[in-house]
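Containing mmCIF, C-alpha atoms: input_36.cif.
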data_target
#
loop_
_atom_site.group_PDB
_atom_site.id
_atom_site.type_symbol
_atom_site.label_atom_id
_atom_site.label_comp_id
_atom_site.auth_asym_id
_atom_site.auth_seq_id
_atom_site.Cartn_x
_atom_site.Cartn_y
_atom_site.Cartn_z
ATOM 1 C CA MET A 1 -7.289 -7.941 -69.608
ATOM 2 C CA LEU A 2 -7.764 -10.575 -66.949
ATOM 3 C CA ARG A 3 -4.056 -11.374 -67.048
ATOM 4 C CA THR A 4 -3.218 -7.723 -66.465
ATOM 5 C CA ARG A 5 -5.544 -7.648 -63.509
ATOM 6 C CA VAL A 6 -4.076 -10.852 -62.108
ATOM 7 C CA SER A 7 -0.556 -9.508 -62.368
ATOM 8 C CA LEU A 8 -1.622 -6.208 -60.817
ATOM 9 C CA VAL A 9 -3.041 -8.057 -57.835
ATOM 10 C CA VAL A 10 0.087 -10.178 -57.530
ATOM 11 C CA VAL A 11 2.385 -7.165 -57.825
ATOM 12 C CA SER A 12 0.396 -5.302 -55.148
ATOM 13 C CA TRP A 13 0.683 -8.280 -52.812
ATOM 14 C CA VAL A 14 4.413 -8.486 -53.321
ATOM 15 C CA VAL A 15 4.799 -4.763 -52.665
ATOM 16 C CA MET A 16 2.574 -4.916 -49.584
ATOM 17 C CA GLY A 17 4.456 -7.947 -48.342
ATOM 18 C CA MET A 18 7.678 -6.014 -48.574
ATOM 19 C CA VAL A 19 6.186 -3.130 -46.638
ATOM 20 C CA VAL A 20 4.586 -5.281 -43.966
ATOM 21 C CA GLN A 21 7.495 -7.678 -43.440
ATOM 22 C CA PRO A 22 10.779 -5.790 -43.353
ATOM 23 C CA VAL A 23 13.843 -7.823 -44.192
ATOM 24 C CA PHE A 24 16.332 -7.692 -41.328
ATOM 25 C CA ALA A 25 19.946 -6.940 -42.070
ATOM 26 C CA GLU A 26 21.346 -9.634 -39.799
ATOM 27 C CA THR A 27 20.139 -12.475 -37.589
ATOM 28 C CA PRO A 28 20.798 -12.667 -33.828
ATOM 29 C CA GLY A 29 22.997 -15.713 -34.579
ATOM 30 C CA GLU A 30 25.179 -13.646 -36.903
ATOM 31 C CA ILE A 31 25.372 -10.887 -34.306
ATOM 32 C CA LEU A 32 26.513 -13.460 -31.749
ATOM 33 C CA ASP A 33 29.228 -14.590 -34.180
ATOM 34 C CA THR A 34 30.444 -11.005 -34.473
ATOM 35 C CA PHE A 35 30.710 -10.718 -30.683
ATOM 36 C CA LYS A 36 32.508 -14.057 -30.645
ATOM 37 C CA ALA A 37 35.060 -12.860 -33.183
ATOM 38 C CA GLU A 38 35.606 -9.720 -31.089
ATOM 39 C CA ALA A 39 35.892 -11.635 -27.815
ATOM 40 C CA SER A 40 38.249 -14.216 -29.337
ATOM 41 C CA ALA A 41 40.649 -11.440 -30.245
ATOM 42 C CA GLY A 42 41.356 -11.046 -26.523
ATOM 43 C CA SER A 43 43.176 -13.732 -24.547
ATOM 44 C CA GLY A 44 41.530 -16.562 -22.649
ATOM 45 C CA PHE A 45 38.132 -16.555 -24.385
ATOM 46 C CA GLN A 46 36.246 -19.738 -23.500
ATOM 47 C CA GLY A 47 32.886 -19.172 -25.127
ATOM 48 C CA PHE A 48 29.738 -17.410 -24.008
ATOM 49 C CA SER A 49 27.596 -18.424 -21.059
ATOM 50 C CA ALA A 50 23.853 -17.856 -20.850
ATOM 51 C CA ALA A 51 24.000 -18.264 -17.054
ATOM 52 C CA ARG A 52 26.599 -15.524 -16.779
ATOM 53 C CA GLY A 53 24.499 -13.392 -19.132
ATOM 54 C CA GLU A 54 21.444 -13.831 -16.923
ATOM 55 C CA ALA A 55 23.342 -12.850 -13.794
ATOM 56 C CA PHE A 56 24.753 -9.835 -15.611
ATOM 57 C CA TYR A 57 21.265 -8.833 -16.804
ATOM 58 C CA LYS A 58 19.760 -8.947 -13.320
ATOM 59 C CA THR A 59 22.604 -7.473 -11.272
ATOM 60 C CA LYS A 60 22.925 -3.863 -10.243
ATOM 61 C CA HIS A 61 26.497 -3.059 -11.090
ATOM 62 C CA GLY A 62 27.233 -0.610 -8.356
ATOM 63 C CA SER A 63 24.728 2.029 -9.453
ATOM 64 C CA ASP A 64 20.964 2.271 -9.151
ATOM 65 C CA TRP A 65 20.008 0.355 -12.236
ATOM 66 C CA SER A 66 20.320 -3.099 -13.710
ATOM 67 C CA CYS A 67 19.207 -4.075 -17.228
ATOM 68 C CA SER A 68 16.028 -5.409 -15.673
ATOM 69 C CA SER A 69 15.199 -2.021 -14.112
ATOM 70 C CA CYS A 70 13.781 -1.046 -17.501
ATOM 71 C CA HIS A 71 13.513 -4.347 -19.413
ATOM 72 C CA THR A 72 11.976 -6.179 -16.398
ATOM 73 C CA ASP A 73 13.131 -9.526 -14.982
ATOM 74 C CA ASN A 74 11.486 -11.238 -17.924
ATOM 75 C CA PRO A 75 13.139 -10.211 -21.222
ATOM 76 C CA SER A 76 10.193 -11.485 -23.226
ATOM 77 C CA ALA A 77 7.852 -9.052 -21.491
ATOM 78 C CA GLN A 78 7.238 -5.433 -22.357
ATOM 79 C CA GLY A 79 9.442 -3.098 -20.359
ATOM 80 C CA LYS A 80 9.114 0.460 -19.109
ATOM 81 C CA HIS A 81 11.805 3.126 -18.876
ATOM 82 C CA ALA A 82 12.660 3.614 -15.205
ATOM 83 C CA LYS A 83 12.656 7.372 -15.567
ATOM 84 C CA SER A 84 10.336 8.396 -18.387
ATOM 85 C CA ASP A 85 7.853 5.497 -18.091
ATOM 86 C CA LYS A 86 8.040 5.089 -21.862
ATOM 87 C CA LEU A 87 7.044 1.563 -22.876
ATOM 88 C CA ILE A 88 9.867 -0.611 -24.191
ATOM 89 C CA LYS A 89 9.247 -3.501 -26.560
ATOM 90 C CA PRO A 90 10.434 -6.944 -25.397
ATOM 91 C CA LEU A 91 14.184 -7.527 -25.589
ATOM 92 C CA ALA A 92 14.254 -11.249 -26.302
ATOM 93 C CA PRO A 93 14.361 -12.052 -30.034
ATOM 94 C CA SER A 94 11.743 -14.784 -29.490
ATOM 95 C CA ALA A 95 9.268 -12.129 -28.401
ATOM 96 C CA ASN A 96 10.379 -9.335 -30.730
ATOM 97 C CA ALA A 97 11.794 -10.335 -34.109
ATOM 98 C CA GLU A 98 13.346 -6.915 -34.634
ATOM 99 C CA ARG A 99 15.819 -7.361 -31.767
ATOM 100 C CA PHE A 100 19.490 -8.025 -32.478
ATOM 101 C CA THR A 101 19.184 -7.666 -36.243
ATOM 102 C CA ASP A 102 20.964 -4.336 -36.768
ATOM 103 C CA MET A 103 24.509 -3.950 -35.446
ATOM 104 C CA LYS A 104 24.422 -0.151 -35.588
ATOM 105 C CA LYS A 105 21.349 -0.081 -33.372
ATOM 106 C CA ILE A 106 22.753 -2.735 -31.039
ATOM 107 C CA GLU A 107 25.994 -0.822 -30.501
ATOM 108 C CA LYS A 108 24.081 2.421 -29.957
ATOM 109 C CA TRP A 109 22.075 0.886 -27.144
ATOM 110 C CA PHE A 110 24.916 -1.067 -25.539
ATOM 111 C CA LYS A 111 26.979 2.123 -25.434
ATOM 112 C CA ARG A 112 24.203 4.107 -23.754
ATOM 113 C CA ASN A 113 22.892 1.460 -21.419
ATOM 114 C CA CYS A 114 26.258 0.118 -20.283
ATOM 115 C CA ASN A 115 27.241 3.676 -19.444
ATOM 116 C CA ASP A 116 24.031 4.167 -17.471
ATOM 117 C CA VAL A 117 24.129 0.839 -15.651
ATOM 118 C CA LEU A 118 27.871 0.129 -15.274
ATOM 119 C CA ASP A 119 29.407 3.536 -15.830
ATOM 120 C CA ARG A 120 31.659 2.018 -18.475
ATOM 121 C CA ALA A 121 31.494 0.262 -21.846
ATOM 122 C CA CYS A 122 30.603 -3.436 -21.918
ATOM 123 C CA THR A 123 33.105 -5.965 -23.191
ATOM 124 C CA ALA A 124 32.438 -8.286 -26.133
ATOM 125 C CA GLN A 125 32.356 -11.121 -23.578
ATOM 126 C CA GLU A 126 29.560 -9.397 -21.637
ATOM 127 C CA LYS A 127 27.578 -8.583 -24.768
ATOM 128 C CA GLY A 128 27.911 -12.167 -26.002
ATOM 129 C CA ASP A 129 26.914 -13.657 -22.631
ATOM 130 C CA MET A 130 23.896 -11.370 -22.605
ATOM 131 C CA LEU A 131 22.789 -12.320 -26.098
ATOM 132 C CA ALA A 132 23.418 -16.010 -25.345
ATOM 133 C CA TYR A 133 21.055 -15.620 -22.362
ATOM 134 C CA LEU A 134 18.418 -13.751 -24.379
ATOM 135 C CA LEU A 135 18.491 -16.465 -27.026
ATOM 136 C CA THR A 136 17.554 -19.071 -24.405
ATOM 137 C CA ILE A 137 14.356 -17.176 -23.590
ATOM 138 C CA ARG A 138 11.275 -18.745 -25.090
ATOM 139 C CA LYS A 139 8.181 -16.654 -25.458
ATOM 140 C CA MET B 1 -13.070 -18.079 -67.950
ATOM 141 C CA THR B 2 -16.179 -18.505 -65.857
ATOM 142 C CA PHE B 3 -17.911 -15.565 -64.265
ATOM 143 C CA THR B 4 -17.078 -16.774 -60.775
ATOM 144 C CA VAL B 5 -13.325 -16.763 -61.293
ATOM 145 C CA LYS B 6 -13.434 -13.410 -63.057
ATOM 146 C CA HIS B 7 -15.565 -12.035 -60.240
ATOM 147 C CA LEU B 8 -13.119 -13.392 -57.679
ATOM 148 C CA PHE B 9 -10.298 -11.426 -59.265
ATOM 149 C CA ASP B 10 -12.425 -8.287 -59.296
ATOM 150 C CA VAL B 11 -13.004 -8.700 -55.582
ATOM 151 C CA LEU B 12 -9.301 -9.302 -54.957
ATOM 152 C CA ALA B 13 -8.353 -6.270 -57.015
ATOM 153 C CA ALA B 14 -10.855 -4.126 -55.114
ATOM 154 C CA ALA B 15 -9.668 -5.454 -51.750
ATOM 155 C CA THR B 16 -6.082 -4.696 -52.694
ATOM 156 C CA LEU B 17 -7.041 -1.200 -53.741
ATOM 157 C CA VAL B 18 -9.020 -0.564 -50.551
ATOM 158 C CA PHE B 19 -6.149 -1.863 -48.409
ATOM 159 C CA GLY B 20 -3.762 0.412 -50.269
ATOM 160 C CA MET B 21 -6.040 3.392 -49.746
ATOM 161 C CA GLY B 22 -6.373 2.541 -46.090
ATOM 162 C CA MET B 23 -2.621 2.598 -45.738
ATOM 163 C CA SER B 24 -2.158 5.915 -47.499
ATOM 164 C CA ALA B 25 -4.986 7.446 -45.461
ATOM 165 C CA ALA B 26 -3.284 6.336 -42.253
ATOM 166 C CA GLN B 27 -0.007 7.801 -43.427
ATOM 167 C CA ALA B 28 -1.660 11.024 -44.574
ATOM 168 C CA ASP B 29 -3.165 11.415 -41.096
ATOM 169 C CA ASP B 30 0.215 12.225 -39.637
ATOM 170 C CA ASP B 31 0.459 15.294 -41.804
ATOM 171 C CA GLU B 32 -3.030 16.508 -41.059
ATOM 172 C CA MET B 33 -2.950 16.393 -37.298
ATOM 173 C CA PRO B 34 -3.412 19.750 -35.636
ATOM 174 C CA LYS B 35 -0.141 21.471 -34.838
ATOM 175 C CA SER B 36 1.906 18.457 -35.908
ATOM 176 C CA LYS B 37 2.828 19.551 -39.421
ATOM 177 C CA VAL B 38 6.345 19.914 -38.063
ATOM 178 C CA ASN B 39 7.783 16.442 -38.254
ATOM 179 C CA ASN B 40 11.025 14.655 -38.893
ATOM 180 C CA PRO B 41 11.268 10.860 -38.888
ATOM 181 C CA LYS B 42 14.712 10.797 -37.290
ATOM 182 C CA TRP B 43 13.659 13.140 -34.473
ATOM 183 C CA LEU B 44 10.570 11.044 -33.849
ATOM 184 C CA ALA B 45 12.451 7.728 -33.876
ATOM 185 C CA GLU B 46 15.468 8.770 -31.815
ATOM 186 C CA CYS B 47 13.974 11.153 -29.238
ATOM 187 C CA GLY B 48 10.790 9.125 -29.125
ATOM 188 C CA ALA B 49 12.694 5.929 -28.288
ATOM 189 C CA CYS B 50 13.123 6.949 -24.631
ATOM 190 C CA HIS B 51 10.449 9.567 -24.007
ATOM 191 C CA LEU B 52 7.759 11.453 -25.842
ATOM 192 C CA ALA B 53 9.428 13.305 -28.719
ATOM 193 C CA PHE B 54 8.935 16.780 -27.284
ATOM 194 C CA PRO B 55 7.807 19.348 -29.856
ATOM 195 C CA SER B 56 10.513 21.660 -31.181
ATOM 196 C CA ARG B 57 8.302 24.697 -30.555
ATOM 197 C CA PHE B 58 8.579 24.232 -26.780
ATOM 198 C CA LEU B 59 12.182 25.481 -26.491
ATOM 199 C CA PRO B 60 14.178 28.193 -28.265
ATOM 200 C CA ALA B 61 16.973 27.377 -30.698
ATOM 201 C CA GLU B 62 19.685 28.129 -28.126
ATOM 202 C CA SER B 63 18.248 25.541 -25.743
ATOM 203 C CA TRP B 64 18.019 22.856 -28.413
ATOM 204 C CA ARG B 65 21.603 23.453 -29.501
ATOM 205 C CA GLU B 66 22.759 22.956 -25.946
ATOM 206 C CA VAL B 67 20.626 19.872 -25.309
ATOM 207 C CA MET B 68 21.808 18.285 -28.547
ATOM 208 C CA SER B 69 25.465 19.008 -27.872
ATOM 209 C CA GLY B 70 25.391 17.089 -24.570
ATOM 210 C CA LEU B 71 23.501 13.903 -25.379
ATOM 211 C CA ASP B 72 26.078 11.690 -23.669
ATOM 212 C CA LYS B 73 24.929 13.262 -20.396
ATOM 213 C CA HIS B 74 21.244 13.781 -21.059
ATOM 214 C CA PHE B 75 19.531 14.522 -17.739
ATOM 215 C CA GLY B 76 21.268 11.612 -16.055
ATOM 216 C CA SER B 77 21.246 9.185 -18.981
ATOM 217 C CA ASP B 78 23.580 8.480 -21.857
ATOM 218 C CA ALA B 79 21.566 9.276 -24.992
ATOM 219 C CA SER B 80 24.509 9.606 -27.362
ATOM 220 C CA LEU B 81 23.892 9.361 -31.078
ATOM 221 C CA ASP B 82 26.022 9.183 -34.208
ATOM 222 C CA ASP B 83 27.196 12.560 -35.522
ATOM 223 C CA GLU B 84 25.016 12.480 -38.612
ATOM 224 C CA SER B 85 21.830 11.952 -36.587
ATOM 225 C CA VAL B 86 22.831 14.673 -34.136
ATOM 226 C CA ARG B 87 23.323 17.106 -37.044
ATOM 227 C CA GLU B 88 20.002 16.261 -38.668
ATOM 228 C CA ILE B 89 17.952 16.390 -35.472
ATOM 229 C CA THR B 90 19.610 19.603 -34.256
ATOM 230 C CA ALA B 91 18.898 21.299 -37.587
ATOM 231 C CA PHE B 92 15.273 20.199 -37.416
ATOM 232 C CA LEU B 93 14.805 21.375 -33.817
ATOM 233 C CA VAL B 94 16.551 24.696 -34.405
ATOM 234 C CA ASP B 95 14.619 25.415 -37.608
ATOM 235 C CA ASN B 96 11.318 24.834 -35.842
ATOM 236 C CA ALA B 97 12.177 26.167 -32.399
ATOM 237 C CA ARG B 98 10.127 28.526 -30.270
ATOM 238 C CA ARG B 99 10.274 31.993 -31.795
ATOM 239 C CA LYS B 100 8.666 33.974 -28.975
ATOM 240 C CA LYS B 101 10.892 35.453 -26.332
ATOM 241 C CA THR B 102 12.062 32.886 -23.791
ATOM 242 C CA SER B 103 13.336 34.032 -20.407
ATOM 243 C CA LEU B 104 16.648 32.809 -19.113
ATOM 244 C CA THR B 105 16.562 30.700 -15.969
ATOM 245 C CA ALA B 106 17.284 32.141 -12.510
ATOM 246 C CA SER B 107 20.932 31.256 -13.007
ATOM 247 C CA GLY B 108 20.995 33.220 -16.268
ATOM 248 C CA LYS B 109 21.118 30.229 -18.609
ATOM 249 C CA TRP B 110 18.920 29.026 -21.438
ATOM 250 C CA PRO B 111 16.383 26.548 -20.065
ATOM 251 C CA LEU B 112 17.282 22.959 -20.964
ATOM 252 C CA ARG B 113 14.129 21.453 -19.562
ATOM 253 C CA ILE B 114 10.776 22.432 -21.022
ATOM 254 C CA THR B 115 9.383 22.236 -17.496
ATOM 255 C CA GLU B 116 11.654 25.038 -16.311
ATOM 256 C CA THR B 117 10.536 27.570 -18.906
ATOM 257 C CA ARG B 118 8.422 30.421 -17.642
ATOM 258 C CA TRP B 119 5.641 29.750 -20.178
ATOM 259 C CA PHE B 120 5.381 26.114 -19.096
ATOM 260 C CA ARG B 121 5.171 26.928 -15.402
ATOM 261 C CA ARG B 122 2.540 29.584 -16.023
ATOM 262 C CA GLU B 123 0.436 27.231 -18.155
ATOM 263 C CA HIS B 124 0.740 24.395 -15.629
ATOM 264 C CA ALA B 125 0.523 26.222 -12.315
ATOM 265 C CA GLU B 126 -2.903 24.846 -11.457
ATOM 266 C CA ALA B 127 -2.367 21.388 -12.951
ATOM 267 C CA ALA B 128 0.948 21.030 -11.107
ATOM 268 C CA SER B 129 -0.739 21.411 -7.731
ATOM 269 C CA ARG B 130 -3.479 18.955 -8.704
ATOM 270 C CA VAL B 131 -1.110 16.150 -9.735
ATOM 271 C CA LYS B 132 1.613 16.847 -7.195
ATOM 272 C CA ASN B 133 1.196 13.627 -5.222
ATOM 273 C CA ASN B 134 -0.129 11.449 -7.990
ATOM 274 C CA PRO B 135 2.281 8.527 -8.519
ATOM 275 C CA ARG B 136 0.874 7.935 -11.994
ATOM 276 C CA VAL B 137 2.087 11.321 -13.148
ATOM 277 C CA LYS B 138 5.547 10.975 -11.608
ATOM 278 C CA SER B 139 7.028 13.892 -13.535
ATOM 279 C CA MET B 140 5.747 17.048 -15.184
ATOM 280 C CA ALA B 141 7.723 15.903 -18.243
ATOM 281 C CA ASN B 142 5.218 13.085 -18.654
ATOM 282 C CA CYS B 143 3.114 15.144 -21.089
ATOM 283 C CA ALA B 144 1.055 12.274 -22.445
ATOM 284 C CA ILE B 145 -0.393 11.291 -19.066
ATOM 285 C CA CYS B 146 -2.740 14.340 -19.262
ATOM 286 C CA HIS B 147 -2.371 15.487 -22.858
ATOM 287 C CA THR B 148 -3.942 12.388 -24.316
ATOM 288 C CA GLN B 149 -3.023 13.299 -27.899
ATOM 289 C CA ALA B 150 0.504 14.492 -27.164
ATOM 290 C CA ASP B 151 1.999 11.700 -29.249
ATOM 291 C CA ILE B 152 0.535 13.334 -32.338
ATOM 292 C CA GLY B 153 1.515 16.827 -31.267
ATOM 293 C CA ASP B 154 -1.941 17.913 -30.130
ATOM 294 C CA TYR B 155 -1.859 19.708 -26.767
ATOM 295 C CA SER B 156 -5.272 21.374 -27.107
ATOM 296 C CA GLU B 157 -7.455 21.942 -24.018
ATOM 297 C CA ARG B 158 -10.188 19.596 -25.221
ATOM 298 C CA ASN B 159 -7.830 16.629 -25.161
ATOM 299 C CA ILE B 160 -6.621 17.089 -21.602
ATOM 300 C CA GLN B 161 -7.600 14.473 -19.023
ATOM 301 C CA ILE B 162 -5.949 14.882 -15.654
ATOM 302 C CA PRO B 163 -5.763 11.459 -13.942
ATOM 303 C CA LYS B 164 -7.414 11.218 -10.541
#
Show how you would write the structure in this file as structure tokens.
Amino acid sequence: MLRTRVSLVVVSWVVMGMVVQPVFAETPGEILDTFKAEASAGSGFQGFSAARGEAFYKTKHGSDWSCSSCHTDNPSAQGKHAKSDKLIKPLAPSANAERFTDMKKIEKWFKRNCNDVLDRACTAQEKGDMLAYLLTIRK
Amino acid sequence: MTFTVKHLFDVLAAATLVFGMGMSAAQADDDEMPKSKVNNPKWLAECGACHLAFPSRFLPAESWREVMSGLDKHFGSDASLDDESVREITAFLVDNARRKKTSLTASGKWPLRITETRWFRREHAEAASRVKNNPRVKSMANCAICHTQADIGDYSERNIQIPK
């Protein structure tokens, strides 16, 4: 009787734990490796640079917006969509564990946002530099 | 087994049960909100990622089809989605679209913006003049700034608070 109750409690905890703490498909480190493999396929790849990523993040690339227009100059802070004012969760993985853990989602947003900010797709080099920069951000 | 330990497990079991009930009550809420019985998780997640997920009943089916077929150029932003999501969200919006007659715009097209529909402009004529120069409102598409329960699909009069 007591044993049944104990196991019920334990089972409920396990189930709740699974609900409360989702298991992420990939880690930001693995994502970075994927970008690296992509970038290495081109010629002259010499690694990613966080400094270049930071400059890329903060620069307006010929149009009205930069990444920081919505994500703010501090990637560990909450952002706000420049047009709709919708709140955006922090971009840096140190401040938001969900970031850079799902390649499908990452590619969806790079496609959209690179088009909006640069009017073209981003290269694997640019994506890797960006992630390298974001991974240097401490909360 | 002493009473204390047995009692402890009773408390833990009860706490677990209560927590579980709390969770299902919170989830059930979504279905019981006024006017928000129409729901689709994909619509809410994808549309709601950039702006309030506007209710399907605000535009006719023709408008939704057109909006959803041009997501790569979505009012000045690239909002493109994978084909499967586009199909699912379009079907949801079309199935639950506005059924009443909707007038075409001055240029003879289906309205693509909720704010350009005749019903919206009629409903918001007074409010529009009151918030015209308010920087907090910014756009008439910012439903939730006045409709405080818009995120749960409730646009009733009693939940309107126009910012000063």
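Relative to CA of Cys114 (chain A), CA of Ala51 (chain A) is found at 18.8 Å.
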Original post:
If we count only C-alpha atoms, what is near region 127-129 of chain A at a cut-off of 7 Å, once residues fewer than 5 positions away on the same chain are taken out, given as a VMD selection string?
Top reply: chain A and resid 32 35 to 36 48 to 50 52 to 53 122
Put those residues in a file: C-alpha atoms, as a tab-separated table (two decimals), keeping the file's coordinate frame.
chain	number	residue	atom	x	y	z
A	32	LEU	CA	26.51	-13.46	-31.75
A	35	PHE	CA	30.71	-10.72	-30.68
A	36	LYS	CA	32.51	-14.06	-30.64
A	48	PHE	CA	29.74	-17.41	-24.01
A	49	SER	CA	27.60	-18.42	-21.06
A	50	ALA	CA	23.85	-17.86	-20.85
A	52	ARG	CA	26.60	-15.52	-16.78
A	53	GLY	CA	24.50	-13.39	-19.13
A	122	CYS	CA	30.60	-3.44	-21.92
Selected by the PyMOL selection byres ((chain B) within 6 of (chain A)) in the shown coordinates: which residues, as a short mmCIF file (atom, residue, chain, number, x, y, z; two decimals) with C-alpha atoms, in the coordinates of the input?
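The resulting file, part_33.cif, is shown below:
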data_model
loop_
_atom_site.label_atom_id
_atom_site.label_comp_id
_atom_site.auth_asym_id
_atom_site.auth_seq_id
_atom_site.Cartn_x
_atom_site.Cartn_y
_atom_site.Cartn_z
CA ALA B 13 -8.35 -6.27 -57.02
CA HIS B 51 10.45 9.57 -24.01
CA SER B 77 21.25 9.18 -18.98
CA ASP B 78 23.58 8.48 -21.86
CA ALA B 79 21.57 9.28 -24.99
#
Given 5 Å on each side, where is the centre and what are the edge lengths in Å to one decimal of the axis-aligned box enclosing the listed atoms of region 89-101 of chain A, as AutoDock Vina command-line options?
--center_x 14.4 --center_y -9.1 --center_z -30.8 --size_x 20.2 --size_y 21.3 --size_z 20.8
Subject >> Residue contacts of Leu104 (chain B) (12 Å, all atoms listed in the file) excluding same-chain residues fewer than 4 positions away, as a ChimeraX atom specification >> reply: /B:59-60,62-63,108-113,116-119
**OP:** Could you check which of A:Met130, A:Ile31, A:Ala121, A:Leu135 is closest to Lys105 (chain A), using all atoms listed in the file?
**Re:** A:Ile31
Writing N, CA and C atoms and nothing else, produce region 149-163 of chain B as a compact mmCIF listing (two decimals), in the first residue's frame.
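Listed below is the output, decode36.txt:
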# COMPACT_ATOMS: atom_id res chain seq x y z
N GLN B 149 -7.35 42.01 -22.59
CA GLN B 149 -7.43 40.54 -22.59
C GLN B 149 -7.32 39.97 -24.00
N ALA B 150 -6.80 40.78 -24.91
CA ALA B 150 -6.74 40.34 -26.31
C ALA B 150 -5.95 39.05 -26.48
N ASP B 151 -4.94 38.86 -25.64
CA ASP B 151 -4.11 37.66 -25.80
C ASP B 151 -4.89 36.38 -25.54
N ILE B 152 -6.04 36.49 -24.87
CA ILE B 152 -6.86 35.29 -24.70
C ILE B 152 -8.13 35.39 -25.54
N GLY B 153 -8.11 36.30 -26.50
CA GLY B 153 -9.22 36.36 -27.45
C GLY B 153 -10.45 37.09 -26.95
N ASP B 154 -10.31 37.83 -25.84
CA ASP B 154 -11.45 38.54 -25.28
C ASP B 154 -11.35 40.03 -25.62
N TYR B 155 -12.24 40.49 -26.49
CA TYR B 155 -12.23 41.89 -26.92
C TYR B 155 -13.45 42.65 -26.36
N SER B 156 -14.03 42.12 -25.28
CA SER B 156 -15.27 42.71 -24.76
C SER B 156 -15.03 44.12 -24.22
N GLU B 157 -16.10 44.93 -24.25
CA GLU B 157 -16.05 46.33 -23.82
C GLU B 157 -15.48 46.47 -22.41
N ARG B 158 -15.88 45.57 -21.51
CA ARG B 158 -15.49 45.75 -20.11
C ARG B 158 -13.99 45.58 -19.89
N ASN B 159 -13.29 45.02 -20.86
CA ASN B 159 -11.85 44.85 -20.68
C ASN B 159 -11.03 45.83 -21.51
N ILE B 160 -11.67 46.91 -21.93
CA ILE B 160 -10.93 47.94 -22.67
C ILE B 160 -10.40 48.99 -21.72
N GLN B 161 -9.12 49.33 -21.88
CA GLN B 161 -8.53 50.43 -21.11
C GLN B 161 -7.67 51.23 -22.06
N ILE B 162 -8.18 52.38 -22.45
CA ILE B 162 -7.41 53.21 -23.41
C ILE B 162 -6.34 53.98 -22.65
N PRO B 163 -5.06 53.78 -23.00
CA PRO B 163 -3.98 54.46 -22.26
C PRO B 163 -4.04 55.96 -22.45
